[in-house]
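Listing of model-v4.txt, compact mmCIF, C-alpha atoms
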# COMPACT_ATOMS: atom_id res chain seq x y z
CA MET A 1 25.23 0.74 -29.47
CA ASN A 2 27.82 0.64 -26.70
CA ILE A 3 27.04 -1.43 -23.61
CA LEU A 4 28.65 -1.50 -20.17
CA LEU A 5 28.34 -4.79 -18.27
CA ILE A 6 29.08 -4.65 -14.54
CA GLY A 7 30.66 -7.71 -12.91
CA SER A 8 33.54 -10.16 -12.99
CA GLY A 9 32.14 -13.66 -12.55
CA GLY A 10 30.89 -16.60 -14.54
CA ARG A 11 27.44 -15.03 -14.76
CA GLU A 12 28.87 -11.94 -16.40
CA HIS A 13 30.96 -14.03 -18.80
CA ALA A 14 27.76 -15.87 -19.83
CA ILE A 15 25.87 -12.56 -20.21
CA ALA A 16 28.72 -11.15 -22.30
CA ILE A 17 28.59 -14.14 -24.65
CA ALA A 18 24.83 -13.67 -25.10
CA LEU A 19 25.10 -9.91 -25.62
CA LYS A 20 27.83 -10.42 -28.21
CA ARG A 21 25.31 -12.27 -30.41
CA SER A 22 23.13 -9.15 -30.74
CA PRO A 23 23.23 -7.22 -34.03
CA LEU A 24 22.42 -4.12 -31.96
CA LEU A 25 25.79 -4.29 -30.19
CA ASN A 26 28.60 -2.05 -31.34
CA ARG A 27 31.07 -2.23 -28.46
CA LEU A 28 30.91 -4.17 -25.20
CA TYR A 29 32.75 -3.00 -22.08
CA ILE A 30 32.96 -5.13 -18.94
CA ALA A 31 33.90 -3.66 -15.55
CA PRO A 32 36.03 -5.11 -14.16
CA GLY A 33 35.61 -8.34 -16.14
CA ASN A 34 37.89 -11.39 -16.09
CA PRO A 35 40.25 -13.19 -18.49
CA GLY A 36 37.28 -14.83 -20.19
CA THR A 37 35.34 -11.62 -20.83
CA ALA A 38 38.53 -10.02 -22.19
CA ARG A 39 38.17 -12.37 -25.19
CA ILE A 40 34.67 -11.01 -25.92
CA GLY A 41 34.80 -7.30 -25.15
CA ASP A 42 36.94 -4.66 -23.48
CA ASN A 43 37.62 -5.08 -19.78
CA VAL A 44 37.62 -1.75 -17.92
CA ASP A 45 39.51 -1.07 -14.70
CA LEU A 46 36.60 0.71 -13.04
CA ASP A 47 35.63 0.79 -9.38
CA VAL A 48 31.91 0.02 -9.69
CA ALA A 49 31.35 1.18 -6.10
CA ASP A 50 32.43 4.66 -7.25
CA HIS A 51 29.16 5.72 -8.87
CA ALA A 52 30.55 9.01 -10.11
CA ALA A 53 33.36 7.19 -11.93
CA VAL A 54 30.87 4.82 -13.55
CA ILE A 55 28.71 7.75 -14.70
CA ASP A 56 31.75 9.58 -16.08
CA PHE A 57 32.77 6.48 -18.03
CA CYS A 58 29.25 6.10 -19.44
CA ARG A 59 29.40 9.65 -20.77
CA GLU A 60 32.90 9.26 -22.20
CA ALA A 61 32.14 5.93 -23.90
CA ALA A 62 28.62 6.90 -25.08
CA ILE A 63 27.06 3.98 -23.19
CA ALA A 64 23.47 3.29 -24.26
CA LEU A 65 22.72 0.69 -21.55
CA VAL A 66 24.38 -0.45 -18.34
CA VAL A 67 23.71 -4.10 -17.46
CA VAL A 68 24.31 -4.75 -13.75
CA GLY A 69 25.21 -8.40 -13.18
CA PRO A 70 25.89 -8.89 -9.43
CA GLU A 71 23.62 -8.12 -6.51
CA GLN A 72 25.97 -5.86 -4.52
CA PRO A 73 25.91 -2.88 -6.93
CA LEU A 74 22.12 -3.18 -7.21
CA ILE A 75 21.61 -3.14 -3.46
CA GLY A 76 24.18 -0.34 -3.29
CA GLY A 77 21.98 1.87 -5.48
CA LEU A 78 23.98 1.98 -8.71
CA VAL A 79 20.84 1.91 -10.87
CA ASP A 80 19.38 4.84 -8.91
CA GLU A 81 22.47 6.95 -9.59
CA LEU A 82 22.59 5.99 -13.27
CA GLU A 83 18.93 6.86 -13.78
CA LYS A 84 19.38 10.15 -11.92
CA HIS A 85 22.00 11.11 -14.51
CA GLY A 86 19.99 9.95 -17.50
CA VAL A 87 21.81 6.66 -18.11
CA LEU A 88 19.56 3.71 -18.98
CA ALA A 89 20.20 0.64 -16.79
CA PHE A 90 19.00 -2.95 -16.66
CA GLY A 91 18.34 -3.92 -13.05
CA PRO A 92 16.27 -2.86 -10.05
CA THR A 93 16.68 0.24 -7.93
CA ARG A 94 18.00 0.04 -4.38
CA ALA A 95 14.45 -0.05 -2.99
CA ALA A 96 13.34 -2.81 -5.36
CA ALA A 97 16.54 -4.80 -4.72
CA GLN A 98 15.45 -5.21 -1.09
CA LEU A 99 13.75 -8.35 -2.37
CA GLU A 100 17.23 -9.89 -2.27
CA GLY A 101 18.97 -7.58 0.16
CA SER A 102 16.69 -8.40 3.09
CA LYS A 103 15.11 -11.80 3.59
CA GLY A 104 12.96 -10.30 6.34
CA PHE A 105 11.63 -7.63 3.95
CA THR A 106 10.59 -10.31 1.47
CA LYS A 107 9.03 -12.55 4.12
CA ASP A 108 6.93 -9.64 5.39
CA LEU A 109 5.90 -8.80 1.82
CA CYS A 110 4.79 -12.42 1.34
CA ARG A 111 2.77 -12.23 4.54
CA ASP A 112 1.11 -8.97 3.54
CA TYR A 113 0.21 -10.09 0.00
CA GLY A 114 -0.67 -13.73 0.62
CA ILE A 115 2.31 -15.11 -1.31
CA PRO A 116 2.91 -18.77 -0.37
CA THR A 117 6.11 -19.23 1.63
CA ALA A 118 7.38 -20.93 4.78
CA ARG A 119 6.20 -19.85 8.24
CA TYR A 120 8.84 -17.60 9.79
CA ALA A 121 9.92 -15.25 12.56
CA ARG A 122 12.45 -12.38 12.56
CA PHE A 123 14.98 -11.66 15.31
CA ASP A 124 17.51 -8.90 15.99
CA SER A 125 19.11 -10.49 19.07
CA LEU A 126 20.27 -13.97 20.05
CA ALA A 127 18.27 -14.80 23.20
CA PRO A 128 14.75 -14.67 21.67
CA ALA A 129 16.03 -16.50 18.58
CA LEU A 130 17.35 -19.34 20.74
CA GLN A 131 14.07 -19.43 22.67
CA TYR A 132 12.13 -19.69 19.40
CA LEU A 133 14.35 -22.52 18.19
CA ARG A 134 13.77 -24.44 21.43
CA GLU A 135 10.02 -24.07 21.01
CA HIS A 136 10.09 -25.52 17.47
CA SER A 137 11.38 -28.86 16.30
CA ALA A 138 14.19 -29.48 13.83
CA PRO A 139 14.70 -29.59 10.95
CA ILE A 140 14.49 -25.83 10.82
CA VAL A 141 16.10 -23.14 8.66
CA VAL A 142 18.25 -20.29 10.00
CA LYS A 143 19.07 -17.44 7.61
CA ALA A 144 21.18 -14.31 7.82
CA ASP A 145 18.91 -11.45 6.73
CA GLY A 146 21.38 -9.85 4.32
CA LEU A 147 23.75 -10.93 1.57
CA ALA A 148 26.13 -13.76 2.42
CA ALA A 149 27.38 -15.04 -0.97
CA GLY A 150 24.94 -17.95 -0.90
CA LYS A 151 26.36 -19.22 2.41
CA GLY A 152 24.09 -17.51 4.93
CA VAL A 153 21.45 -20.25 5.03
CA VAL A 154 21.67 -23.24 7.37
CA VAL A 155 19.16 -26.06 7.03
CA ALA A 156 19.62 -27.43 10.54
CA GLN A 157 18.78 -31.07 11.14
CA THR A 158 19.12 -30.78 14.93
CA LEU A 159 18.43 -28.15 17.56
CA GLU A 160 22.14 -27.99 18.38
CA GLU A 161 23.01 -27.24 14.75
CA ALA A 162 20.35 -24.52 14.60
CA GLU A 163 21.60 -22.92 17.82
CA ARG A 164 25.19 -22.92 16.52
CA ALA A 165 24.02 -21.25 13.29
CA ALA A 166 22.16 -18.51 15.16
CA GLN A 167 25.11 -17.95 17.50
CA ALA A 168 27.51 -17.69 14.55
CA MET A 169 25.30 -15.21 12.70
CA PHE A 170 24.75 -12.95 15.69
CA GLY A 171 28.43 -13.42 16.53
CA GLY A 172 29.47 -11.70 13.32
CA ALA A 173 30.12 -14.62 10.94
CA PHE A 174 28.45 -12.64 8.14
CA GLY A 175 29.09 -9.12 9.40
CA VAL A 176 26.13 -6.76 9.21
CA SER A 177 24.25 -9.29 7.07
CA GLY A 178 23.74 -11.37 10.21
CA ALA A 179 22.64 -8.49 12.44
CA GLU A 180 19.11 -9.77 11.88
CA VAL A 181 18.16 -13.42 11.47
CA VAL A 182 15.14 -15.09 9.90
CA ILE A 183 14.10 -18.49 11.23
CA GLU A 184 11.60 -20.46 9.21
CA GLU A 185 10.02 -23.87 8.86
CA CYS A 186 11.84 -26.39 6.71
CA LEU A 187 9.74 -26.97 3.61
CA GLU A 188 9.63 -30.43 2.06
CA GLY A 189 9.75 -31.02 -1.68
CA GLU A 190 12.08 -30.40 -4.60
CA GLU A 191 13.76 -27.06 -5.25
CA ALA A 192 13.68 -25.26 -8.58
CA SER A 193 14.66 -21.84 -9.89
CA PHE A 194 12.17 -19.70 -11.82
CA PHE A 195 13.18 -16.57 -13.72
CA ALA A 196 10.95 -13.74 -14.92
CA LEU A 197 11.89 -10.70 -16.98
CA CYS A 198 10.27 -7.56 -15.55
CA ASP A 199 9.74 -3.98 -16.71
CA GLY A 200 8.20 -2.45 -13.58
CA VAL A 201 4.64 -3.22 -14.65
CA ARG A 202 4.68 -6.58 -16.39
CA ALA A 203 6.59 -9.81 -15.90
CA LEU A 204 7.29 -12.38 -18.60
CA PRO A 205 8.22 -15.98 -17.77
CA PHE A 206 11.83 -16.39 -18.86
CA ALA A 207 13.15 -19.87 -18.04
CA THR A 208 13.67 -22.48 -15.32
CA ALA A 209 16.69 -24.25 -13.88
CA GLN A 210 17.70 -26.47 -11.00
CA ASP A 211 20.74 -25.49 -8.97
CA HIS A 212 22.91 -27.71 -6.76
CA LYS A 213 23.85 -25.66 -3.73
CA ARG A 214 25.49 -28.23 -1.42
CA VAL A 215 29.20 -28.71 -1.87
CA GLY A 216 29.18 -32.52 -2.05
CA ASP A 217 27.75 -35.26 -4.22
CA GLY A 218 24.29 -36.36 -3.17
CA ASP A 219 23.57 -32.87 -1.80
CA VAL A 220 25.67 -33.18 1.34
CA GLY A 221 27.87 -30.65 3.10
CA PRO A 222 27.50 -26.90 3.54
CA ASN A 223 25.68 -24.57 1.17
CA THR A 224 27.70 -22.78 -1.50
CA GLY A 225 27.02 -20.16 -4.14
CA GLY A 226 26.13 -23.07 -6.43
CA MET A 227 28.11 -26.10 -7.66
CA GLY A 228 26.24 -26.62 -10.92
CA ALA A 229 22.86 -26.36 -12.63
CA TYR A 230 20.81 -27.49 -15.58
CA SER A 231 17.98 -25.97 -17.60
CA PRO A 232 15.11 -26.43 -18.18
CA ALA A 233 13.80 -27.97 -14.95
CA SER A 234 11.12 -30.45 -15.98
CA VAL A 235 9.61 -30.40 -12.48
CA VAL A 236 8.31 -26.90 -13.28
CA THR A 237 5.41 -28.04 -15.43
CA THR A 238 3.14 -25.73 -17.41
CA GLU A 239 0.61 -25.93 -14.57
CA ILE A 240 3.20 -25.08 -11.91
CA GLU A 241 4.53 -22.20 -14.02
CA ALA A 242 1.02 -20.74 -14.23
CA ARG A 243 0.69 -20.96 -10.43
CA VAL A 244 4.12 -19.38 -9.88
CA MET A 245 3.18 -16.46 -12.09
CA SER A 246 -0.28 -15.92 -10.59
CA GLU A 247 0.50 -16.70 -6.92
CA ILE A 248 4.08 -15.48 -6.54
CA ILE A 249 5.51 -13.30 -9.34
CA GLU A 250 2.50 -11.14 -10.22
CA PRO A 251 1.56 -10.37 -6.58
CA THR A 252 5.18 -9.40 -5.96
CA MET A 253 5.18 -7.05 -8.95
CA ARG A 254 1.95 -5.47 -7.67
CA ALA A 255 3.34 -5.18 -4.14
CA MET A 256 6.49 -3.42 -5.30
CA ARG A 257 4.50 -0.97 -7.44
CA GLU A 258 2.22 -0.19 -4.51
CA ARG A 259 5.26 0.40 -2.31
CA GLY A 260 6.69 2.87 -4.81
CA ALA A 261 9.52 0.57 -5.91
CA PRO A 262 8.49 -1.01 -9.23
CA PHE A 263 10.75 -3.93 -10.09
CA LYS A 264 12.73 -3.92 -13.34
CA GLY A 265 15.25 -6.53 -14.38
CA VAL A 266 15.43 -10.24 -13.62
CA LEU A 267 13.31 -11.57 -10.78
CA TYR A 268 14.69 -14.94 -9.75
CA ALA A 269 12.42 -16.98 -7.48
CA GLY A 270 13.93 -19.86 -5.56
CA LEU A 271 11.03 -22.27 -5.18
CA MET A 272 10.16 -25.32 -3.14
CA LEU A 273 7.67 -27.53 -4.96
CA THR A 274 5.64 -28.88 -2.06
CA GLN A 275 2.57 -31.12 -1.91
CA ASP A 276 0.54 -27.92 -1.51
CA GLY A 277 2.07 -26.33 -4.60
CA PRO A 278 5.00 -23.99 -5.23
CA LYS A 279 6.23 -21.87 -2.33
CA LEU A 280 8.78 -19.07 -2.38
CA ILE A 281 12.03 -19.81 -0.56
CA GLU A 282 13.67 -16.49 -1.41
CA TYR A 283 14.16 -13.96 -4.19
CA ASN A 284 17.25 -12.85 -6.04
CA CYS A 285 17.11 -9.65 -8.07
CA ARG A 286 19.46 -10.68 -10.92
CA PHE A 287 20.45 -13.69 -12.99
CA GLY A 288 21.68 -16.58 -10.88
CA ASP A 289 25.22 -17.86 -10.91
CA PRO A 290 25.58 -20.63 -12.17
CA GLU A 291 22.02 -20.50 -13.55
CA ALA A 292 22.83 -17.80 -16.12
CA GLN A 293 25.37 -20.20 -17.59
CA VAL A 294 22.58 -22.67 -18.48
CA LEU A 295 19.75 -20.24 -19.27
CA LEU A 296 21.49 -17.96 -21.74
CA PRO A 297 22.99 -20.58 -24.10
CA ARG A 298 19.40 -21.79 -24.69
CA LEU A 299 17.98 -18.30 -25.40
CA GLU A 300 17.05 -17.90 -29.07
CA ASP A 301 15.91 -14.27 -28.87
CA ASP A 302 18.15 -11.21 -28.65
CA LEU A 303 19.16 -10.69 -24.99
CA LEU A 304 20.18 -7.08 -25.56
CA GLU A 305 16.84 -6.28 -27.18
CA LEU A 306 15.00 -7.84 -24.22
CA MET A 307 17.10 -5.94 -21.69
CA LEU A 308 16.51 -2.65 -23.46
CA ALA A 309 12.76 -3.32 -23.53
CA ALA A 310 12.69 -4.12 -19.80
CA ALA A 311 14.71 -1.01 -18.92
CA ARG A 312 12.35 1.13 -21.02
CA SER A 313 9.20 -0.50 -19.55
CA GLU A 314 8.35 -1.82 -23.00
CA LEU A 315 8.50 -5.62 -22.72
CA PRO A 316 6.73 -7.41 -25.59
CA GLN A 317 3.62 -9.52 -25.05
CA GLU A 318 5.33 -12.69 -26.27
CA ARG A 319 7.57 -14.63 -23.92
CA PRO A 320 11.19 -15.18 -25.01
CA ARG A 321 11.98 -18.23 -27.13
CA PHE A 322 14.36 -20.96 -25.97
CA SER A 323 16.00 -23.95 -27.60
CA PRO A 324 14.50 -27.34 -26.67
CA LEU A 325 18.03 -28.53 -25.86
CA THR A 326 19.18 -29.01 -22.28
CA ALA A 327 22.13 -27.06 -20.90
CA LEU A 328 24.12 -28.31 -17.92
CA THR A 329 27.00 -26.59 -16.17
CA VAL A 330 29.57 -27.95 -13.73
CA VAL A 331 31.33 -25.55 -11.36
CA LEU A 332 35.03 -26.16 -10.80
CA ALA A 333 35.98 -24.79 -7.40
CA ALA A 334 39.27 -24.33 -5.56
CA LYS A 335 40.07 -26.87 -2.86
CA ASN A 336 38.65 -26.05 0.58
CA TYR A 337 35.71 -24.06 -0.89
CA PRO A 338 33.25 -22.95 0.57
CA GLY A 339 35.84 -22.34 3.25
CA ALA A 340 38.86 -20.15 2.50
CA PRO A 341 39.82 -21.39 -1.00
CA ILE A 342 43.36 -22.48 -1.83
CA THR A 343 44.26 -20.19 -4.74
CA GLY A 344 47.33 -19.64 -6.90
CA TRP A 345 47.32 -22.91 -8.84
CA GLU A 346 47.89 -22.74 -12.57
CA ILE A 347 45.07 -24.01 -14.81
CA ARG A 348 46.05 -25.67 -18.08
CA ASN A 349 44.46 -27.23 -21.13
CA LEU A 350 41.25 -25.19 -21.25
CA HIS A 351 41.52 -25.16 -25.04
CA SER A 352 40.97 -28.93 -25.18
CA ALA A 353 37.77 -28.66 -23.16
CA GLU A 354 36.53 -25.76 -25.28
CA ALA A 355 37.24 -27.72 -28.47
CA ILE A 356 34.46 -30.20 -27.67
CA GLY A 357 31.32 -29.36 -29.64
CA ASP A 358 28.52 -27.58 -27.74
CA VAL A 359 30.81 -26.90 -24.76
CA THR A 360 31.56 -23.45 -23.32
CA VAL A 361 33.95 -22.65 -20.46
CA THR A 362 33.18 -19.47 -18.55
CA HIS A 363 35.57 -17.84 -16.08
CA ALA A 364 34.39 -17.09 -12.56
CA GLY A 365 37.49 -16.66 -10.39
CA THR A 366 40.60 -16.50 -12.57
CA ARG A 367 43.41 -14.10 -13.32
CA GLU A 368 46.21 -14.01 -15.87
CA GLU A 369 49.79 -13.86 -14.64
CA GLY A 370 52.75 -13.93 -17.01
CA GLY A 371 50.72 -15.62 -19.71
CA ARG A 372 49.44 -18.28 -17.30
CA LEU A 373 45.84 -18.73 -16.10
CA ILE A 374 45.68 -18.77 -12.31
CA ALA A 375 42.91 -19.80 -9.92
CA ALA A 376 41.99 -16.69 -7.95
CA GLY A 377 38.71 -17.42 -6.17
CA GLY A 378 36.38 -20.00 -4.68
CA ARG A 379 34.29 -20.90 -7.71
CA VAL A 380 36.78 -20.63 -10.55
CA LEU A 381 35.39 -22.05 -13.81
CA ASN A 382 32.05 -23.21 -15.24
CA VAL A 383 31.95 -25.93 -17.88
CA THR A 384 28.63 -25.82 -19.75
CA ALA A 385 27.41 -28.32 -22.34
CA LEU A 386 24.29 -28.61 -24.49
CA GLY A 387 22.57 -31.91 -25.21
CA ALA A 388 19.31 -33.48 -26.33
CA SER A 389 18.79 -34.70 -22.75
CA VAL A 390 20.22 -33.99 -19.31
CA ALA A 391 22.17 -37.23 -19.47
CA GLU A 392 23.73 -36.24 -22.80
CA ALA A 393 24.60 -32.73 -21.61
CA GLN A 394 25.98 -34.16 -18.38
CA ALA A 395 28.23 -36.65 -20.18
CA ARG A 396 29.53 -33.94 -22.51
CA ALA A 397 30.20 -31.49 -19.66
CA TYR A 398 32.16 -34.04 -17.59
CA ALA A 399 34.13 -35.14 -20.65
CA ALA A 400 35.26 -31.53 -20.97
CA VAL A 401 35.93 -31.20 -17.23
CA ASP A 402 38.22 -34.21 -17.35
CA LEU A 403 40.41 -32.54 -19.98
CA ILE A 404 41.20 -29.55 -17.75
CA ASP A 405 44.52 -29.81 -15.92
CA TRP A 406 44.05 -28.21 -12.50
CA PRO A 407 45.27 -30.22 -9.48
CA GLY A 408 44.03 -27.51 -7.13
CA GLY A 409 40.39 -27.82 -8.13
CA PHE A 410 37.43 -30.07 -7.55
CA CYS A 411 33.81 -30.43 -8.65
CA ARG A 412 30.70 -32.38 -7.89
CA ARG A 413 30.33 -35.39 -10.15
CA ASP A 414 26.53 -35.67 -10.01
CA ILE A 415 25.13 -32.41 -11.41
CA GLY A 416 21.67 -33.13 -12.82
CA TRP A 417 21.35 -36.45 -10.98
CA ARG A 418 17.64 -36.16 -10.19
CA GLU A 419 16.75 -35.38 -13.79
CA VAL A 420 19.00 -38.11 -15.16
CA ALA A 421 17.21 -40.59 -12.90
CA ARG A 422 13.81 -39.34 -14.11
CA GLU A 423 14.94 -39.68 -17.73
CA GLY A 424 15.99 -43.26 -17.03
CA GLU A 425 12.62 -44.08 -15.46
CA SER A 426 10.73 -42.66 -18.44
CA ARG A 427 12.48 -44.87 -20.98
The structure in this file should be written as structure tokens.
Amino acid sequence: MNILLIGSGGREHAIAIALKRSPLLNRLYIAPGNPGTARIGDNVDLDVADHAAVIDFCREAAIALVVVGPEQPLIGGLVDELEKHGVLAFGPTRAAAQLEGSKGFTKDLCRDYGIPTARYARFDSLAPALQYLREHSAPIVVKADGLAAGKGVVVAQTLEEAERAAQAMFGGAFGVSGAEVVIEECLEGEEASFFALCDGVRALPFATAQDHKRVGDGDVGPNTGGMGAYSPASVVTTEIEARVMSEIIEPTMRAMRERGAPFKGVLYAGLMLTQDGPKLIEYNCRFGDPEAQVLLPRLEDDLLELMLAAARSELPQERPRFSPLTALTVVLAAKNYPGAPITGWEIRNLHSAEAIGDVTVTHAGTREEGGRLIAAGGRVLNVTALGASVAEAQARAYAAVDLIDWPGGFCRRDIGWREVAREGESR
């Protein structure tokens, strides 16, 4: 069958690699894709915001399934339009994608259905938000309600920092995404990412990961879209997984059905593992980036088959199978990220990194120019390695990173540090 994959980042490159392994696949199109996906399928110059153009292409290319990778087309209602025209799609509708599109929507849903999360308040103007901040002690979390490329969350350690964050958001730092602000208590514990595959009625546990959102080693500096990740996350024990499913995922699935917006696709729960148990920080309504880069290399089942089953509301009873190996990915970003990245540098010697066994390099923000590979974004490459332990995967990934010739890039050097320390203690 012919498949259309929407997106252009490292997540979509990782999805494309996994889809390519399926015996069901005949031809894979990626819109718009990147230089990495061009080596796997056919990149298509298609404006994915033009729903009519996407539908026309699906008819012309006999597309059996559209896989929507990024959040923006989901929140923009692409799945709704595809379904209206009889095209099968993997991903939630616009109404269901509110779980990611509006933090306030999700916080209210948690309140209404008893889903454990941080205490919060919602504001649509600056003065009452500042008053609320002054009535509560730091640390405190200030969030833009809408999408902000992973940068719309400030964990403020002081009142002054919290006030500056609220002023920036209401001042237009994130456009309409900051027109409303959510302020919530700062939960204590360790973060983890939990993924479930959903078909509108049922949810299957998929896999776990731990992301590293801060730009600097030791988790310092501003939040980013993610500087690296590893999977599985050992802190999500069997007992915690059972609680996440029963206390967070399943009530959310029920809530969305009752609200007339059943959720299909990937439900990605950002968790804080507190002394009182797992609590929901926020939802994403698609695979994470860079989490997809560590989840999918471990998947032993057919991703395309699973996506088709979810889109058709026919998920199997059995959960997907994963390799016991650890996967770890390091994000290479352009200098000055998460500020305005310095782009245009040539990247050389990727082939040497890719020649290392159990290493994959996925493209996130690159372009080809006269036969040269050029950095063209903030997060530019992901170097993913498999290993028998986090320490082994980490060593392999950084060995590959060090072979890449890119003076204009940087990375964190401590991805997986908590888990490496735990592995050392258990010896």
Sorted per-residue table, stretch 28-140 of chain A near stretch 346-366 of chain A, closest atoms and distance, 12 Å, all atoms listed in the file, as CSV:
residue,atom,partner,partner_atom,distance
A:Gly33,CA,A:His363,CA,9.5
A:Asn34,CA,A:Thr366,CA,6.8
A:Pro35,CA,A:Thr366,CA,6.8
A:Gly36,CA,A:His363,CA,5.4
A:Thr37,CA,A:His363,CA,7.8
A:Ala38,CA,A:His363,CA,10.4
A:Arg39,CA,A:Thr362,CA,10.9
A:Ile40,CA,A:Thr362,CA,11.3
Please compute the atom CA of A:Glu161-atom CA of A:Thr224 distance, one decimal, in Å.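 Taking atom CA of A:Glu161 as the start and atom CA of A:Thr224 as the end point, the length is 17.5 Å.
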For stretch 371-427 of chain A against stretch 297-321 of chain A, with a cut-off of 12 Å and counting only C-alpha atoms, what is the closest atom pair and its distance in Å to one decimal for every residue that makes the cut, ordered by chain and number, as a Markdown table?
| residue | atom | partner | partner_atom | distance |
| --- | --- | --- | --- | --- |
| A:Thr384 | CA | A:Pro297 | CA | 8.8 |
| A:Ala385 | CA | A:Pro297 | CA | 9.1 |
| A:Leu386 | CA | A:Pro297 | CA | 8.1 |
| A:Gly387 | CA | A:Arg298 | CA | 10.6 |
| A:Ala388 | CA | A:Arg298 | CA | 11.8 |
Please determine, counting only C-alpha atoms, which residue among A:Lys279, A:Arg412, A:His13, A:Lys107 has the shortest atom-to-atom distance to A:Ala31.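 Closest candidate: A:His13.
The shortest atom-to-atom distance to A:Val215, with only C-alpha atoms taken into account, belongs to A:Asn336 out of A:Asn336, A:Ser231, A:Asn382, A:Ser102.
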Between A:Val44, A:Ile404, A:Ile183, A:Ala333, which is the closest to A:Ala376 once you count all atoms listed in the file?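 Comparing A:Val44, A:Ile404, A:Ile183, A:Ala333 against A:Ala376, the winner is A:Ala333.
The residue that comes closest to A:Phe195, out of A:Val235, A:Ala393, A:Ala179, A:Leu295 and on the basis of all atoms listed in the file, is A:Leu295.
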Which value, in Å to one decimal, gives the distance between atom CA of A:Ile249 and atom CA of A:Ala196?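 Going from atom CA of A:Ile249 over to atom CA of A:Ala196 covers 7.8 Å.
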One decimal, in Å: what's the spacing between atom CA of A:Glu184 and atom CA of A:Val154?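 Calculated distance between atom CA of A:Glu184 and atom CA of A:Val154 is 10.6 Å.
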Kindly indicate which residue among A:Ala16, A:Cys110, A:Cys58, A:Leu88 lies nearest to A:Ala255, using only C-alpha atoms for the distances.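 Using only C-alpha atoms, A:Ala255 sits closest to A:Cys110.
If you count all atoms listed in the file and ignore residues fewer than 5 places along the chain from A:Gly175, what sits within 9 Å of it is A:Ala148, A:Met169, A:Phe170.
Nearest residue to A:Arg122, choosing from A:Gly339, A:Pro232, A:Pro32, A:Gly178 and counting all atoms listed in the file: A:Gly178.
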Name the residues in contact with A:Val330 at a cut-off of 9 Å, using only C-alpha atoms, excluding same-chain residues fewer than 2 positions from it; report them as a list of chain:residue names.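 Near neighbours after the sequence-gap exclusion: A:Met227, A:Gly228, A:Ala229, A:Tyr230, A:Pro290, A:Leu328, A:Leu332, A:Leu381, A:Asn382, A:Val383, A:Thr384, A:Ala385, A:Gln394, A:Ala397, A:Tyr398, A:Val401, A:Cys411, A:Arg412, A:Arg413, A:Ile415.
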